[in-house]
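Worksheet: the structure to be examined is printed underneath.
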Amino acid sequence: MEHTDAEWQDFEEISYREIQSLSLRLTSEDREQASSSAEELVDLLLILSDDARRQAQIGEIDSLRNGFAHLLCHGDENAQYWACLALSYIAHRNATNIRLIGRTPHIFRGLLRCLQSTESRGVACGVLSQLAFCNRENGEAIADTEGLLESLASVVQDGRAGDRQAATCVLSNCAANSKHVALRISRVPGMIQALKRLCATAATEDTAPGGDARAAVSAIGCMDNLSHYQEVRPLLKAAGVPEALAAAMEKE
């Protein structure tokens, strides 16, 4: 059954008030209540954030962004997962919301904490990738958060296939926006070697041990973004990246 404009407007107003109410519960000392509130918010955001105007209104709610940052920093794994998922809906293809989320206090520290969790690592990388996309300020904030680049390197090295791809997308988006950040990425111990190994899996099946074609393609794209800067190229050459890429391209 189709709804009239008036009915839809009433639903929007009720939902908006509910979002504001739920956002205040995200900082509850009752962890179960905070986590369940985040899950309820995801259900509402799934419905409302597909419209750019409503998505923008939601992104402007300070208590919502601050509440999710609080969950990322202090919540359990379940709460972290729902908070990351909600942030991904709010940020999706919305440059203003990406900027607002990036400027929310403690947001990157909270996302760093999520990278230590197997369950929320992939969705946290997804949020970081969105925040870094075409946003130099957020890319630099990622690089400036102590331990964050190192944690992303660890995911690229040892994470699950899907998580490796997501982490590589974060690094690629950060490198695309800033020579300074690209240099910092290239100098993280083990980073270039991990990306190089991932590139070498370009022709393997997704089901092969340690192989994931999508992650390999992302790694190749990341190397391309890093190599855009003349100052980074010597580091890539010293690590044998050109030879690894040539070998990957020759595979059938």
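Within each chain, counting starts at residue 1; across the structure tokens, chains are named A, B, ... in the order shown, with ligands numbered 1 upward in that order.
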Using only C-alpha atoms, which residues sit within 8 Å of Leu22 (chain A) once same-chain residues fewer than 4 positions away are excluded, as a PDB file with all heavy atoms, in the first residue's frame?
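Printed below is around.pdb as written:
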ATOM      1  N   GLU A  18      12.409   9.911  17.524  1.00  0.00           N
ATOM      2  CA  GLU A  18      12.877   8.643  18.094  1.00  0.00           C
ATOM      3  C   GLU A  18      14.394   8.526  17.991  1.00  0.00           C
ATOM      4  O   GLU A  18      15.057   8.038  18.910  1.00  0.00           O
ATOM      5  CB  GLU A  18      12.201   7.469  17.380  1.00  0.00           C
ATOM      6  CG  GLU A  18      12.484   6.126  18.042  1.00  0.00           C
ATOM      7  CD  GLU A  18      11.679   4.997  17.425  1.00  0.00           C
ATOM      8  OE1 GLU A  18      10.845   5.272  16.545  1.00  0.00           O
ATOM      9  OE2 GLU A  18      11.888   3.840  17.839  1.00  0.00           O
ATOM     10  N   LEU A  26      22.743   6.088  23.984  1.00  0.00           N
ATOM     11  CA  LEU A  26      23.988   5.464  23.537  1.00  0.00           C
ATOM     12  C   LEU A  26      25.102   5.602  24.579  1.00  0.00           C
ATOM     13  O   LEU A  26      26.049   4.810  24.575  1.00  0.00           O
ATOM     14  CB  LEU A  26      24.444   6.082  22.212  1.00  0.00           C
ATOM     15  CG  LEU A  26      23.519   5.866  21.009  1.00  0.00           C
ATOM     16  CD1 LEU A  26      24.043   6.622  19.803  1.00  0.00           C
ATOM     17  CD2 LEU A  26      23.382   4.381  20.684  1.00  0.00           C
ATOM     18  N   SER A  37      20.023   0.157  21.788  1.00  0.00           N
ATOM     19  CA  SER A  37      19.646   1.450  21.195  1.00  0.00           C
ATOM     20  C   SER A  37      20.364   1.649  19.866  1.00  0.00           C
ATOM     21  O   SER A  37      19.771   2.142  18.900  1.00  0.00           O
ATOM     22  CB  SER A  37      19.991   2.591  22.155  1.00  0.00           C
ATOM     23  OG  SER A  37      19.245   2.492  23.350  1.00  0.00           O
ATOM     24  N   ALA A  38      21.634   1.251  19.811  1.00  0.00           N
ATOM     25  CA  ALA A  38      22.384   1.356  18.561  1.00  0.00           C
ATOM     26  C   ALA A  38      21.767   0.468  17.486  1.00  0.00           C
ATOM     27  O   ALA A  38      21.656   0.866  16.323  1.00  0.00           O
ATOM     28  CB  ALA A  38      23.839   0.973  18.799  1.00  0.00           C
ATOM     29  N   GLU A  40      18.607  -0.490  17.294  1.00  0.00           N
ATOM     30  CA  GLU A  40      17.344   0.130  16.871  1.00  0.00           C
ATOM     31  C   GLU A  40      17.606   1.289  15.923  1.00  0.00           C
ATOM     32  O   GLU A  40      16.863   1.497  14.955  1.00  0.00           O
ATOM     33  CB  GLU A  40      16.570   0.613  18.099  1.00  0.00           C
ATOM     34  CG  GLU A  40      15.970  -0.493  18.950  1.00  0.00           C
ATOM     35  CD  GLU A  40      15.169   0.066  20.105  1.00  0.00           C
ATOM     36  OE1 GLU A  40      14.227   0.844  19.846  1.00  0.00           O
ATOM     37  OE2 GLU A  40      15.493  -0.247  21.272  1.00  0.00           O
ATOM     38  N   LEU A  41      18.662   2.050  16.191  1.00  0.00           N
ATOM     39  CA  LEU A  41      18.991   3.177  15.330  1.00  0.00           C
ATOM     40  C   LEU A  41      19.373   2.713  13.929  1.00  0.00           C
ATOM     41  O   LEU A  41      19.029   3.356  12.937  1.00  0.00           O
ATOM     42  CB  LEU A  41      20.137   3.988  15.953  1.00  0.00           C
ATOM     43  CG  LEU A  41      19.721   4.932  17.080  1.00  0.00           C
ATOM     44  CD1 LEU A  41      20.915   5.364  17.909  1.00  0.00           C
ATOM     45  CD2 LEU A  41      18.995   6.153  16.511  1.00  0.00           C
TER      46      LEU A  41
END
**OP:** Mind checking which residues fall within 12 Å of Arg109 (chain A), counting only C-alpha atoms, ignoring those fewer than 2 positions away in the same chain, and posting them as a PyMOL selection string?
**Re:** chain A and resi 69-74+102-107+111-116+124+128+141-149+151
**OP:** Identify, on the basis of only C-alpha atoms, every residue whose closest approach to Lys179 (chain A) does not exceed 10 Å; exclude the query and any residue fewer than 2 positions from it along the same chain; express the result as a list in words.
**Re:**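 Surrounding residues, per the criterion: Cys174, Ala175, Ala176, Asn177, Val181, Ala182, Leu183, Arg184, Ile185, Asn225, Leu226, Ser227, His228, Tyr229, Gln230, Glu231 and Val232 of chain A.
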**OP:** Tell me which protein, DNA and RNA residues are within 7 Å of Ser23 (chain A), counting only C-alpha atoms, leaving out same-chain ones fewer than 6 positions away, and put them as a PyMOL selection string.
**Re:** chain A and resi 63-64+67
What's around region 51-53 of chain A at 9 Å? Count only C-alpha atoms, leave out sequence neighbours fewer than 4 positions away in its own chain, and write the answer as a compact mmCIF listing (two decimals) with N, CA, C and O atoms, in the first residue's frame.
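Output saved as around-v2.txt:
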# COMPACT_ATOMS: atom_id res chain seq x y z
N ILE A 47 16.07 2.81 6.84
CA ILE A 47 14.88 3.31 6.15
C ILE A 47 15.05 4.76 5.72
O ILE A 47 14.71 5.13 4.59
N GLN A 57 19.92 15.66 7.59
CA GLN A 57 19.33 16.06 8.88
C GLN A 57 19.82 15.16 10.01
O GLN A 57 20.12 15.63 11.11
N ILE A 58 19.91 13.87 9.72
CA ILE A 58 20.37 12.91 10.73
C ILE A 58 21.83 13.18 11.09
O ILE A 58 22.22 13.15 12.26
N ARG A 93 28.08 8.36 0.83
CA ARG A 93 28.01 9.32 -0.28
C ARG A 93 27.51 10.70 0.16
O ARG A 93 26.83 11.40 -0.60
N ASN A 94 27.84 11.10 1.37
CA ASN A 94 27.40 12.40 1.87
C ASN A 94 28.62 13.14 2.41
O ASN A 94 29.08 12.88 3.52
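Ranking A:Val123, A:Ala56, A:Val188, A:Leu131 by their shortest atom-to-atom distance to Leu85 (chain A), with only C-alpha atoms included, puts A:Val123 first.
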**OP:** Please identify all polymer residues within 10 Å of Glu29 (chain A), counting only C-alpha atoms, omitting same-chain residues fewer than 4 positions from it, and present them as a list of chain:residue names.
**Re:**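 Counting only the stated atoms, we get A:Arg25, A:Gln33, A:Ala34, A:His74, A:Gly75.
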**OP:** List every residue of region 10-252 of chain A that DSSP, applied to the backbone of this structure, places in alpha helix (DSSP H), and write the result as a count of residues only.
**Re:** 183
Original post:
Hey, which of A:Ile90, A:Ala213, A:Gly59, A:Gln80 ends up closest to Leu45 (chain A)? Count only C-alpha atoms.
Top reply: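 Nearest candidate to Leu45 (chain A) out of A:Ile90, A:Ala213, A:Gly59, A:Gln80: A:Ile90.
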